[in-house]
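Undergrad: Have a look at this one before I ask anything.
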Amino acid sequence: MCGIVGYTGMQQAAPILLEGLKRLEYRGYDSAGIAIMDDGSISVQKVSGRISKLCELTEDGKTCPGNVGIGHTRWATHGAPTDINAHPHMSNDGRFAVVHNGIIENYLALREELIGKGYHFESETDTEVVVNLLEMYYTGDLKNAVMRVSSRLQGSYALGVVCSDAPDEIVAIRESSPLIIGIGAGENYFASDIAALVPYTRNVVYMEDGEFAQITPDAIRIYDLFGNPVSKKVQKVNWDVQTAEKGGYEHFMLKEIIEQPRAVEATLRPRIRGSEIVLDAEGLDGEFLRKIRRIMITACGSAYYAGCAGRYAIEALCRIPVSTELASEFRYGDPMVDSETLVIVLSQSGETADTIAAVKESKAKGAPVLAMVNVVGSTVAKLADFTLYTWAGPEIAVATTKGYTTQLALLYLFALYAAKETGRVDDKRYRHLLRALRSLPKRIQEAVDLNPMLDRYAEDYRNTRSIFFIGRNSDYAMAMEGALKMKEISYIHAEAYAAGELKHGTIALIEEHQPVIALCCNTIVQEKTMNNIIEVKARGADVLALAEKNNSEIISVADRMMYLPEVEPVFAGVVEIVPLQLLAYYTAKCRKCDIDKPKNLAKSVTVE
Ligand code: M6R
């Protein structure tokens, strides 16, 4: 998500922080800032836009004296990417400054509490509650204040804190968000990402959840949340800057595939409170949903395929008719939407030209628009009547992975929410499905762990000209996304077919050794897909199937298997896609393709 850095030592802090922030630029951000402590006071410089603007403003840090400071690159989650919402944030009394990476889930309740006690807020961020809580709990000991504050916070955070009473000290704390301490000689650092530290030191300490560090130029002291000292091993990092940016992975795409359990957790967790789903879009409630007669989902590319998969879940749980339409076709078909049609628009970037046009067309026809978007403050997010962010964090690889899975996870969450609000699901099933939703990040991780052989399978596709992906029902929707992943990064022709359609034409193309990838994850249609596997095998196809790990029937008919953990059938898609993403990745790798920047493609398609 965001990036944080900190420095305390003998050198001027600002140039070091700016250099560290530049090393975090690759992650994507929309504003940046630094807070420097000098002579018992803290000064903050922050801007929306590029770090170069911050460098200009501070003459590369030269105009900011002081040897201790913290810095931040923000990827907006709560509040638009403005100067005021940029970090660092200061406490009301100006004694504390904080940078934050992550999401404080209970910030609204904390904000109310602080306002009741006379605190005021300048920004729309969740972070500003942290810095004012520090002020509230501070009684002269920064370490104690940090411990008390952390006991009030729910969510994920890596925080860097400075206090004007502790002139050479920084406190950094971690809960479900990465934090690394960098160790120098007479100077020390912290960062959310090794990339920011490698120019300065290779000696690092990895912080664990629930640990915090008191960092001074000469010492690092690490504690657990009860204040007990923790001893940690110093590790040596041998990564170069490029490897560090990719978190040690060879490509951003692989990093982003592996990040999916955490990304989906970030989408779902803040919105599941006990046995309730709380959607952060005012007015998207039972009263509104009960008036909706139809849902139309529109988007482009992978986002469209997420819509196709989400359609099955919404129809199954809510019994509302759902249609899907490519956003690039939407406005040319005189779409039949009205005030009783909820138009759901999906977009990672929020800037896809065709998707923006579909939003405008829907609104012109009086249809309410719900946007599910990753980039905060993007055009789609601003135009829609309701916006839910996916909170996947920046996605760098052109081929979307976590952008897609978080869209699908959000659609599932919406489906269950709408089913509950409209009385279409009984309590027992609701509770069962909510548990299943909560476990999705774990299931995604299992899907990665169950399939360590995909790099070897990919070798067999090195010289393949064409691959068919087949499946029925929701498996067909996943086949479409699996085929898109394969073609866009490996340049192998890949087509998805609804398995039942094979005998209506496509089976004519099946010949000896034709690769077919068969998706058999949807238990309702599994037997039917198995028959299709038998049909293509009879014509010589080489079948790689994906099914639950204990499914002996599919194992007995396919040539090779990819495995799925046990997962609630309505939500299986978000898990099922992961081995397909990995297979596409390894196939592209063995064909030596430019995986993160495939030819002819752009991350965000801002023209029609
Ligand atoms: O930013 P968006 O989600 O609106 O982008 C939509 C498509 O351009 C995008 O999903 C594209 O298909 C990806 N390259 C697929 O990996």
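By order in the structure tokens, chains are A, B, ...; within a chain, residues start at 1; ligands start at 1, following the order shown.
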Which neighbours of A:Gly333 fall inside 12 Å, counting only C-alpha atoms, when residues of the same chain fewer than 5 positions from it are skipped, and could you give them as a PyMOL selection string?
TA: chain A and resi 325-328+358+361-362
Undergrad: For the selection you just gave me, I'd like the residues written to a file as an mmCIF file, in the first residue's frame, keeping all heavy atoms.
TA:
data_model
loop_
_atom_site.group_PDB
_atom_site.id
_atom_site.type_symbol
_atom_site.label_atom_id
_atom_site.label_comp_id
_atom_site.auth_asym_id
_atom_site.auth_seq_id
_atom_site.Cartn_x
_atom_site.Cartn_y
_atom_site.Cartn_z
ATOM 1 N N GLU A 325 -22.082 -7.059 -19.359
ATOM 2 C CA GLU A 325 -21.901 -6.397 -20.658
ATOM 3 C C GLU A 325 -20.504 -5.805 -20.698
ATOM 4 O O GLU A 325 -20.059 -5.163 -19.739
ATOM 5 C CB GLU A 325 -22.948 -5.279 -20.789
ATOM 6 C CG GLU A 325 -22.892 -4.470 -22.054
ATOM 7 C CD GLU A 325 -23.325 -5.239 -23.302
ATOM 8 O OE1 GLU A 325 -22.484 -5.934 -23.881
ATOM 9 O OE2 GLU A 325 -24.510 -5.120 -23.680
ATOM 10 N N LEU A 326 -19.795 -6.033 -21.791
ATOM 11 C CA LEU A 326 -18.478 -5.402 -21.948
ATOM 12 C C LEU A 326 -18.663 -3.888 -21.952
ATOM 13 O O LEU A 326 -19.533 -3.375 -22.685
ATOM 14 C CB LEU A 326 -17.844 -5.843 -23.267
ATOM 15 C CG LEU A 326 -17.316 -7.276 -23.280
ATOM 16 C CD1 LEU A 326 -17.088 -7.751 -24.694
ATOM 17 C CD2 LEU A 326 -16.036 -7.384 -22.460
ATOM 18 N N ALA A 327 -17.860 -3.176 -21.188
ATOM 19 C CA ALA A 327 -18.019 -1.718 -21.140
ATOM 20 C C ALA A 327 -17.716 -1.094 -22.502
ATOM 21 O O ALA A 327 -18.274 -0.056 -22.861
ATOM 22 C CB ALA A 327 -17.108 -1.128 -20.063
ATOM 23 N N SER A 328 -16.862 -1.765 -23.299
ATOM 24 C CA SER A 328 -16.534 -1.218 -24.619
ATOM 25 C C SER A 328 -17.704 -1.341 -25.596
ATOM 26 O O SER A 328 -17.713 -0.721 -26.652
ATOM 27 C CB SER A 328 -15.295 -1.925 -25.182
ATOM 28 O OG SER A 328 -15.473 -3.321 -25.120
ATOM 29 N N ALA A 358 -19.327 3.951 -19.828
ATOM 30 C CA ALA A 358 -20.469 3.134 -19.388
ATOM 31 C C ALA A 358 -21.117 3.732 -18.136
ATOM 32 O O ALA A 358 -22.341 3.717 -17.989
ATOM 33 C CB ALA A 358 -20.016 1.696 -19.128
ATOM 34 N N GLU A 361 -23.136 6.752 -19.318
ATOM 35 C CA GLU A 361 -24.345 6.319 -20.039
ATOM 36 C C GLU A 361 -25.408 5.815 -19.050
ATOM 37 O O GLU A 361 -26.591 6.159 -19.151
ATOM 38 C CB GLU A 361 -23.946 5.187 -21.002
ATOM 39 C CG GLU A 361 -25.057 4.618 -21.842
ATOM 40 C CD GLU A 361 -25.424 5.516 -23.021
ATOM 41 O OE1 GLU A 361 -24.630 6.384 -23.378
ATOM 42 O OE2 GLU A 361 -26.531 5.310 -23.562
ATOM 43 N N SER A 362 -24.986 5.024 -18.065
ATOM 44 C CA SER A 362 -25.939 4.483 -17.078
ATOM 45 C C SER A 362 -26.591 5.612 -16.301
ATOM 46 O O SER A 362 -27.804 5.619 -16.069
ATOM 47 C CB SER A 362 -25.223 3.562 -16.080
ATOM 48 O OG SER A 362 -24.543 2.566 -16.763
#
Undergrad: Using only C-alpha atoms and all ligand atoms, find each residue in chain A having at least one atom no more than 8 Å away from ligand 1; report its shortest atom-to-atom pair and that distance in Å (one decimal), rows by chain then rising number, as a Markdown table.
TA:
| residue | atom | partner | partner_atom_place_in_ligand_line | distance |
| --- | --- | --- | --- | --- |
| A:Ala299 | CA | ligand 1 | 4 (O) | 6.5 |
| A:Cys300 | CA | ligand 1 | 6 (C) | 4.6 |
| A:Gly301 | CA | ligand 1 | 12 (O) | 3.3 |
| A:Ser302 | CA | ligand 1 | 10 (O) | 3.8 |
| A:Ala303 | CA | ligand 1 | 10 (O) | 4.8 |
| A:Tyr304 | CA | ligand 1 | 10 (O) | 7.3 |
| A:Leu346 | CA | ligand 1 | 3 (O) | 6.3 |
| A:Ser347 | CA | ligand 1 | 3 (O) | 3.4 |
| A:Gln348 | CA | ligand 1 | 3 (O) | 3.6 |
| A:Ser349 | CA | ligand 1 | 1 (O) | 3.6 |
| A:Gly350 | CA | ligand 1 | 4 (O) | 5.6 |
| A:Glu351 | CA | ligand 1 | 1 (O) | 6.3 |
| A:Thr352 | CA | ligand 1 | 4 (O) | 4.6 |
| A:Thr355 | CA | ligand 1 | 4 (O) | 6.5 |
| A:Val373 | CA | ligand 1 | 3 (O) | 7.7 |
| A:Val398 | CA | ligand 1 | 14 (N) | 5.3 |
| A:Ala399 | CA | ligand 1 | 16 (O) | 3.4 |
| A:Thr400 | CA | ligand 1 | 16 (O) | 3.9 |
| A:Thr401 | CA | ligand 1 | 16 (O) | 6.9 |
| A:Gly403 | CA | ligand 1 | 3 (O) | 7.2 |
| A:Tyr404 | CA | ligand 1 | 10 (O) | 7.3 |
| A:Leu484 | CA | ligand 1 | 15 (C) | 7.0 |
| A:Lys485 | CA | ligand 1 | 16 (O) | 6.1 |
| A:Glu488 | CA | ligand 1 | 16 (O) | 7.1 |
| A:Leu601 | CA | ligand 1 | 14 (N) | 7.0 |
| A:Ala602 | CA | ligand 1 | 14 (N) | 7.2 |
| A:Lys603 | CA | ligand 1 | 14 (N) | 6.2 |
| A:Ser604 | CA | ligand 1 | 1 (O) | 5.4 |
| A:Val605 | CA | ligand 1 | 8 (O) | 5.7 |
Undergrad: Do a neighbour search on A:Lys549 at 12 Å with only C-alpha atoms, toss out local chain neighbours closer than 2 positions, and write the hits as a VMD selection string.
TA: chain A and resid 446 to 447 449 to 451 520 to 521 545 to 547 551 to 555 561 to 567 576
Undergrad: Write to file, as a PDB file, in the first residue's frame, the residues of the selection just made, with N, CA and C atoms.
TA:
ATOM      1  N   GLU A 446      -3.529 -21.778   0.386  1.00  0.00           N
ATOM      2  CA  GLU A 446      -3.458 -23.237   0.194  1.00  0.00           C
ATOM      3  C   GLU A 446      -3.361 -23.584  -1.297  1.00  0.00           C
ATOM      4  N   ALA A 447      -4.075 -22.820  -2.122  1.00  0.00           N
ATOM      5  CA  ALA A 447      -4.033 -23.093  -3.566  1.00  0.00           C
ATOM      6  C   ALA A 447      -2.612 -22.891  -4.107  1.00  0.00           C
ATOM      7  N   ASP A 449       0.147 -23.283  -2.222  1.00  0.00           N
ATOM      8  CA  ASP A 449       0.976 -24.345  -1.632  1.00  0.00           C
ATOM      9  C   ASP A 449       0.720 -25.714  -2.254  1.00  0.00           C
ATOM     10  N   LEU A 450      -0.522 -25.930  -2.723  1.00  0.00           N
ATOM     11  CA  LEU A 450      -0.872 -27.254  -3.268  1.00  0.00           C
ATOM     12  C   LEU A 450      -0.318 -27.490  -4.674  1.00  0.00           C
ATOM     13  N   ASN A 451       0.222 -26.437  -5.287  1.00  0.00           N
ATOM     14  CA  ASN A 451       0.598 -26.555  -6.702  1.00  0.00           C
ATOM     15  C   ASN A 451       2.047 -26.158  -6.979  1.00  0.00           C
ATOM     16  N   CYS A 520     -12.746 -28.065 -13.246  1.00  0.00           N
ATOM     17  CA  CYS A 520     -13.802 -28.929 -12.696  1.00  0.00           C
ATOM     18  C   CYS A 520     -13.978 -28.618 -11.214  1.00  0.00           C
ATOM     19  N   CYS A 521     -14.143 -27.347 -10.909  1.00  0.00           N
ATOM     20  CA  CYS A 521     -14.210 -26.952  -9.500  1.00  0.00           C
ATOM     21  C   CYS A 521     -15.648 -26.781  -9.035  1.00  0.00           C
ATOM     22  N   ALA A 545      -6.174 -30.930 -15.702  1.00  0.00           N
ATOM     23  CA  ALA A 545      -7.443 -30.555 -15.040  1.00  0.00           C
ATOM     24  C   ALA A 545      -7.177 -29.875 -13.711  1.00  0.00           C
ATOM     25  N   LEU A 546      -8.141 -29.037 -13.316  1.00  0.00           N
ATOM     26  CA  LEU A 546      -8.080 -28.389 -11.999  1.00  0.00           C
ATOM     27  C   LEU A 546      -9.329 -28.804 -11.240  1.00  0.00           C
ATOM     28  N   ALA A 547      -9.101 -29.456 -10.095  1.00  0.00           N
ATOM     29  CA  ALA A 547     -10.244 -29.914  -9.288  1.00  0.00           C
ATOM     30  C   ALA A 547      -9.800 -30.018  -7.833  1.00  0.00           C
ATOM     31  N   ASN A 551     -10.566 -35.250  -5.441  1.00  0.00           N
ATOM     32  CA  ASN A 551     -11.516 -35.666  -6.460  1.00  0.00           C
ATOM     33  C   ASN A 551     -10.946 -36.790  -7.339  1.00  0.00           C
ATOM     34  N   SER A 552     -11.139 -38.031  -6.894  1.00  0.00           N
ATOM     35  CA  SER A 552     -10.487 -39.157  -7.586  1.00  0.00           C
ATOM     36  C   SER A 552     -11.046 -39.367  -8.990  1.00  0.00           C
ATOM     37  N   GLU A 553     -12.321 -38.977  -9.220  1.00  0.00           N
ATOM     38  CA  GLU A 553     -12.908 -39.203 -10.547  1.00  0.00           C
ATOM     39  C   GLU A 553     -12.192 -38.393 -11.619  1.00  0.00           C
ATOM     40  N   ILE A 554     -12.003 -37.103 -11.326  1.00  0.00           N
ATOM     41  CA  ILE A 554     -11.326 -36.248 -12.313  1.00  0.00           C
ATOM     42  C   ILE A 554      -9.870 -36.711 -12.467  1.00  0.00           C
ATOM     43  N   ILE A 555      -9.246 -37.029 -11.331  1.00  0.00           N
ATOM     44  CA  ILE A 555      -7.843 -37.486 -11.392  1.00  0.00           C
ATOM     45  C   ILE A 555      -7.738 -38.700 -12.327  1.00  0.00           C
ATOM     46  N   MET A 561      -2.841 -33.045 -13.121  1.00  0.00           N
ATOM     47  CA  MET A 561      -3.787 -32.314 -12.256  1.00  0.00           C
ATOM     48  C   MET A 561      -3.156 -31.054 -11.660  1.00  0.00           C
ATOM     49  N   MET A 562      -4.012 -30.043 -11.499  1.00  0.00           N
ATOM     50  CA  MET A 562      -3.723 -28.935 -10.590  1.00  0.00           C
ATOM     51  C   MET A 562      -4.767 -29.069  -9.489  1.00  0.00           C
ATOM     52  N   TYR A 563      -4.405 -28.671  -8.269  1.00  0.00           N
ATOM     53  CA  TYR A 563      -5.298 -28.967  -7.146  1.00  0.00           C
ATOM     54  C   TYR A 563      -5.863 -27.711  -6.488  1.00  0.00           C
ATOM     55  N   LEU A 564      -7.084 -27.894  -6.018  1.00  0.00           N
ATOM     56  CA  LEU A 564      -7.797 -26.832  -5.314  1.00  0.00           C
ATOM     57  C   LEU A 564      -8.052 -27.326  -3.891  1.00  0.00           C
ATOM     58  N   PRO A 565      -7.898 -26.470  -2.864  1.00  0.00           N
ATOM     59  CA  PRO A 565      -8.295 -26.912  -1.519  1.00  0.00           C
ATOM     60  C   PRO A 565      -9.811 -26.994  -1.447  1.00  0.00           C
ATOM     61  N   GLU A 566     -10.314 -27.556  -0.370  1.00  0.00           N
ATOM     62  CA  GLU A 566     -11.783 -27.584  -0.206  1.00  0.00           C
ATOM     63  C   GLU A 566     -12.272 -26.156   0.012  1.00  0.00           C
ATOM     64  N   VAL A 567     -13.242 -25.733  -0.770  1.00  0.00           N
ATOM     65  CA  VAL A 567     -13.696 -24.350  -0.647  1.00  0.00           C
ATOM     66  C   VAL A 567     -15.191 -24.293  -0.963  1.00  0.00           C
ATOM     67  N   GLU A 576      -9.744 -20.646  -7.348  1.00  0.00           N
ATOM     68  CA  GLU A 576      -9.503 -21.423  -8.572  1.00  0.00           C
ATOM     69  C   GLU A 576      -8.577 -20.704  -9.565  1.00  0.00           C
TER      70      GLU A 576
END
Undergrad: To one decimal place in Å, what is the distance between atom CA of A:Leu159 and atom CA of A:Tyr189?
TA: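 Atom CA of A:Tyr189 lies 13.2 Å from atom CA of A:Leu159.
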Undergrad: Go ahead and compute the interatomic distance for atom CA of A:Leu383 and atom CA of A:Val359, in Å to one decimal.
TA: 7.2 Å
Undergrad: Go ahead and compute the interatomic distance for atom CA of A:Lys365 and atom CA of A:Val322, in Å to one decimal.
TA: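 Answer for the atom CA of A:Lys365 to atom CA of A:Val322 separation: 17.9 Å.
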Undergrad: Using 10 Å as the limit and counting only C-alpha atoms, can you tabulate each residue of stretch 445-485 of chain A that touches stretch 529-541 of chain A, with its shortest atom-to-atom distance in Å and the two atoms involved, as JSON lines?
TA:
{"residue": "A:Phe468", "atom": "CA", "partner": "A:Ala541", "partner_atom": "CA", "distance": 9.9}
{"residue": "A:Ile470", "atom": "CA", "partner": "A:Thr529", "partner_atom": "CA", "distance": 8.2}
{"residue": "A:Gly471", "atom": "CA", "partner": "A:Thr529", "partner_atom": "CA", "distance": 6.5}
{"residue": "A:Arg472", "atom": "CA", "partner": "A:Thr529", "partner_atom": "CA", "distance": 6.8}
{"residue": "A:Asp475", "atom": "CA", "partner": "A:Thr529", "partner_atom": "CA", "distance": 9.6}
Undergrad: Run DSSP on the backbone and grab whatever in stretch 87-222 of chain A lands in helix (DSSP H, G or I); send it over as number ranges by chain.
TA: A: 107-116, 128-137, 142-150, 194-196
Undergrad: I'd like the contact shell of A:Gly6 - 7 Å cut-off, only C-alpha atoms, skipping same-chain residues fewer than 3 positions apart - returned as a PyMOL selection string.
TA: chain A and resi 17+69-71+189-191
Undergrad: Could you dump the residues just selected with N, CA and C atoms as a compact mmCIF listing (two decimals), in the first residue's frame?
TA:
# COMPACT_ATOMS: atom_id res chain seq x y z
N LEU A 17 15.66 10.79 3.69
CA LEU A 17 14.25 10.36 3.61
C LEU A 17 13.74 10.49 2.17
N GLY A 69 13.88 12.10 11.33
CA GLY A 69 12.64 12.36 10.58
C GLY A 69 11.97 11.09 10.08
N ILE A 70 10.75 11.29 9.60
CA ILE A 70 9.97 10.19 9.04
C ILE A 70 9.39 10.64 7.70
N GLY A 71 9.17 9.70 6.79
CA GLY A 71 8.64 10.07 5.47
C GLY A 71 7.61 9.06 4.99
N TYR A 189 17.65 3.26 10.80
CA TYR A 189 16.57 3.54 9.85
C TYR A 189 15.38 2.61 10.11
N PHE A 190 14.25 2.97 9.56
CA PHE A 190 13.20 1.96 9.39
C PHE A 190 12.56 2.19 8.03
N ALA A 191 11.89 1.17 7.51
CA ALA A 191 11.16 1.31 6.24
C ALA A 191 10.14 0.18 6.13
Undergrad: Give the strand (DSSP E) residues of stretch 288-362 of chain A, as assigned by DSSP on the backbone, as an MDAnalysis selection string.
TA: chainID A and resid 294:299 322:326 341:347
Undergrad: Can you spit out the residues from that selection as a PDB file, in the first residue's frame, using C-alpha atoms?
TA:
ATOM      1  CA  ARG A 294     -32.066  -6.206 -12.083  1.00  0.00           C
ATOM      2  CA  ILE A 295     -28.314  -5.887 -11.861  1.00  0.00           C
ATOM      3  CA  MET A 296     -26.078  -5.191 -14.835  1.00  0.00           C
ATOM      4  CA  ILE A 297     -22.326  -5.621 -14.439  1.00  0.00           C
ATOM      5  CA  THR A 298     -20.059  -3.838 -16.886  1.00  0.00           C
ATOM      6  CA  ALA A 299     -16.259  -3.599 -17.186  1.00  0.00           C
ATOM      7  CA  VAL A 322     -27.822 -10.282 -13.397  1.00  0.00           C
ATOM      8  CA  SER A 323     -26.496  -9.589 -16.879  1.00  0.00           C
ATOM      9  CA  THR A 324     -22.947  -8.748 -17.872  1.00  0.00           C
ATOM     10  CA  GLU A 325     -21.901  -6.397 -20.658  1.00  0.00           C
ATOM     11  CA  LEU A 326     -18.478  -5.402 -21.948  1.00  0.00           C
ATOM     12  CA  THR A 341     -31.391  -1.478 -12.415  1.00  0.00           C
ATOM     13  CA  LEU A 342     -28.252  -1.393 -10.302  1.00  0.00           C
ATOM     14  CA  VAL A 343     -25.260  -1.011 -12.610  1.00  0.00           C
ATOM     15  CA  ILE A 344     -22.095  -2.444 -11.054  1.00  0.00           C
ATOM     16  CA  VAL A 345     -18.897  -1.168 -12.618  1.00  0.00           C
ATOM     17  CA  LEU A 346     -15.561  -2.855 -11.962  1.00  0.00           C
ATOM     18  CA  SER A 347     -12.194  -1.242 -12.594  1.00  0.00           C
TER      19      SER A 347
END
Undergrad: When you look at A:Thr127 with a cut-off of 8 Å (counting only C-alpha atoms), what residues show up, excluding the ones that are within fewer than 3 positions of it in the same chain? I need them as a ChimeraX atom specification.
TA: /A:89,98-100,103-104,107,130-131
Undergrad: Near stretch 245-251 of chain A, counting only C-alpha atoms, which residues have an atom at most 9 Å away, once you skip same-chain residues fewer than 2 positions from it, shown as a PyMOL selection string?
TA: chain A and resi 23-24+26-27+193-196+239-243+253-256+397+595-596
Undergrad: Write out, as a compact mmCIF listing (two decimals), in the first residue's frame, the residues just selected, with N, CA and C atoms.
TA:
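Final output, out-v9.txt:
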# COMPACT_ATOMS: atom_id res chain seq x y z
N ARG A 23 12.96 5.50 -3.70
CA ARG A 23 13.11 4.04 -3.89
C ARG A 23 11.77 3.32 -3.73
N LEU A 24 10.79 4.02 -3.18
CA LEU A 24 9.46 3.39 -3.01
C LEU A 24 8.50 3.80 -4.12
N TYR A 26 8.27 3.05 -7.18
CA TYR A 26 7.81 1.99 -8.08
C TYR A 26 6.49 1.38 -7.58
N ARG A 27 6.20 1.49 -6.30
CA ARG A 27 5.00 0.86 -5.75
C ARG A 27 3.73 1.60 -6.15
N ASP A 193 9.86 -1.32 3.38
CA ASP A 193 10.26 -2.05 2.20
C ASP A 193 11.79 -1.99 2.10
N ILE A 194 12.41 -3.12 1.86
CA ILE A 194 13.88 -3.17 1.82
C ILE A 194 14.44 -2.18 0.79
N ALA A 195 13.67 -1.96 -0.30
CA ALA A 195 14.18 -1.10 -1.38
C ALA A 195 14.62 0.26 -0.83
N ALA A 196 13.95 0.78 0.19
CA ALA A 196 14.29 2.10 0.72
C ALA A 196 15.57 2.05 1.57
N TRP A 239 20.27 -8.37 -1.71
CA TRP A 239 19.52 -7.99 -2.91
C TRP A 239 20.08 -6.72 -3.52
N ASP A 240 20.01 -6.65 -4.86
CA ASP A 240 20.29 -5.36 -5.47
C ASP A 240 18.98 -4.55 -5.44
N VAL A 241 19.05 -3.29 -5.87
CA VAL A 241 17.88 -2.41 -5.74
C VAL A 241 16.67 -2.97 -6.49
N GLN A 242 16.93 -3.49 -7.70
CA GLN A 242 15.81 -4.00 -8.52
C GLN A 242 15.12 -5.19 -7.85
N THR A 243 15.94 -6.11 -7.31
CA THR A 243 15.36 -7.28 -6.64
C THR A 243 14.60 -6.82 -5.41
N MET A 253 4.66 -9.43 -11.29
CA MET A 253 3.45 -10.26 -11.41
C MET A 253 3.48 -11.40 -10.38
N LEU A 254 4.64 -12.04 -10.23
CA LEU A 254 4.71 -13.14 -9.26
C LEU A 254 4.50 -12.60 -7.84
N LYS A 255 5.13 -11.46 -7.56
CA LYS A 255 4.96 -10.84 -6.23
C LYS A 255 3.47 -10.60 -5.97
N GLU A 256 2.78 -10.09 -7.00
CA GLU A 256 1.37 -9.72 -6.80
C GLU A 256 0.48 -10.96 -6.68
N ALA A 397 2.36 -4.87 -12.27
CA ALA A 397 2.37 -5.69 -13.49
C ALA A 397 1.16 -5.33 -14.34
N ILE A 595 7.38 -10.31 -18.91
CA ILE A 595 6.15 -10.63 -18.17
C ILE A 595 5.43 -9.39 -17.61
N ASP A 596 6.20 -8.49 -17.01
CA ASP A 596 5.53 -7.35 -16.35
C ASP A 596 5.03 -6.31 -17.35
Undergrad: Find, counting only C-alpha atoms, the residue in A:Ala145, A:Leu413, A:Glu512, A:Leu179 that gets nearest to A:Gly310.
TA: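 Comparing A:Ala145, A:Leu413, A:Glu512, A:Leu179 against A:Gly310, the winner is A:Leu413.
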Undergrad: I'd like the neighbourhood of A:Arg174 as a compact mmCIF listing (two decimals) with N, CA and C atoms, in the first residue's frame, where a residue qualifies if any of its atoms comes within 12 Å (using only C-alpha atoms), though same-chain residues fewer than 6 positions away should be ignored.
TA:
# COMPACT_ATOMS: atom_id res chain seq x y z
N ILE A 4 6.67 3.73 3.99
CA ILE A 4 7.16 4.59 5.07
C ILE A 4 8.67 4.42 5.24
N HIS A 100 1.94 6.30 8.38
CA HIS A 100 1.17 5.06 8.57
C HIS A 100 1.01 4.33 7.24
N ASN A 101 1.22 3.05 7.29
CA ASN A 101 0.98 2.17 6.15
C ASN A 101 -0.07 1.16 6.61
N GLY A 102 -1.23 1.10 5.95
CA GLY A 102 -2.26 0.13 6.36
C GLY A 102 -3.60 0.82 6.55
N VAL A 146 2.69 4.69 23.02
CA VAL A 146 2.54 3.84 21.83
C VAL A 146 1.84 2.53 22.21
N MET A 147 2.22 1.96 23.35
CA MET A 147 1.57 0.70 23.77
C MET A 147 0.08 0.91 24.02
N SER A 150 -1.73 1.41 20.65
CA SER A 150 -1.86 0.20 19.82
C SER A 150 -2.96 -0.71 20.38
N LEU A 153 -6.22 0.14 18.65
CA LEU A 153 -6.36 0.10 17.19
C LEU A 153 -6.76 -1.28 16.68
N GLY A 155 -7.07 -3.32 12.95
CA GLY A 155 -6.74 -3.19 11.53
C GLY A 155 -5.30 -3.57 11.27
N SER A 156 -4.75 -3.02 10.21
CA SER A 156 -3.37 -3.34 9.86
C SER A 156 -2.59 -2.04 9.86
N TYR A 157 -1.41 -2.08 10.43
CA TYR A 157 -0.63 -0.85 10.42
C TYR A 157 0.86 -1.11 10.63
N ALA A 158 1.65 -0.30 9.93
CA ALA A 158 3.05 -0.10 10.30
C ALA A 158 3.12 1.40 10.50
N LEU A 159 3.59 1.80 11.69
CA LEU A 159 3.58 3.23 12.03
C LEU A 159 4.99 3.69 12.36
N GLY A 160 5.31 4.91 11.97
CA GLY A 160 6.52 5.56 12.43
C GLY A 160 6.10 6.81 13.18
N VAL A 161 6.65 6.99 14.40
CA VAL A 161 6.20 8.09 15.26
C VAL A 161 7.40 8.91 15.72
N ILE A 180 10.63 -2.99 8.53
CA ILE A 180 12.01 -3.48 8.62
C ILE A 180 12.86 -2.39 9.26
N ILE A 181 13.73 -2.77 10.18
CA ILE A 181 14.65 -1.81 10.79
C ILE A 181 16.00 -1.96 10.09
N PHE A 190 14.25 2.97 9.56
CA PHE A 190 13.20 1.96 9.39
C PHE A 190 12.56 2.19 8.03
N ALA A 191 11.89 1.17 7.51
CA ALA A 191 11.16 1.31 6.24
C ALA A 191 10.14 0.18 6.13
N SER A 192 9.19 0.41 5.24
CA SER A 192 8.19 -0.63 5.00
C SER A 192 8.71 -1.64 3.98
N TYR A 206 13.89 -7.84 10.73
CA TYR A 206 12.49 -7.92 10.28
C TYR A 206 11.59 -7.93 11.52
N MET A 207 10.68 -6.98 11.58
CA MET A 207 9.75 -6.91 12.71
C MET A 207 8.58 -7.86 12.47
N GLU A 208 8.08 -8.42 13.56
CA GLU A 208 6.90 -9.30 13.49
C GLU A 208 5.68 -8.53 13.99
N ASP A 209 4.49 -9.09 13.70
CA ASP A 209 3.26 -8.46 14.20
C ASP A 209 3.31 -8.33 15.72
N GLY A 210 2.84 -7.19 16.20
CA GLY A 210 2.77 -6.99 17.66
C GLY A 210 4.11 -6.60 18.26
N GLU A 211 5.07 -6.21 17.45
CA GLU A 211 6.36 -5.74 17.99
C GLU A 211 6.53 -4.26 17.67
N PHE A 212 7.23 -3.56 18.57
CA PHE A 212 7.57 -2.18 18.23
C PHE A 212 9.02 -1.90 18.59
N ALA A 213 9.61 -0.91 17.95
CA ALA A 213 11.05 -0.63 18.13
C ALA A 213 11.24 0.82 18.54
N ILE A 222 13.80 -3.50 20.91
CA ILE A 222 12.53 -4.03 20.38
C ILE A 222 11.73 -4.65 21.52
N TYR A 223 10.43 -4.42 21.49
CA TYR A 223 9.54 -4.88 22.57
C TYR A 223 8.32 -5.55 21.97
N ASP A 224 7.67 -6.38 22.81
CA ASP A 224 6.33 -6.84 22.43
C ASP A 224 5.32 -5.81 22.93
N LEU A 225 4.05 -6.06 22.65
CA LEU A 225 3.05 -5.03 22.96
C LEU A 225 2.79 -4.84 24.45
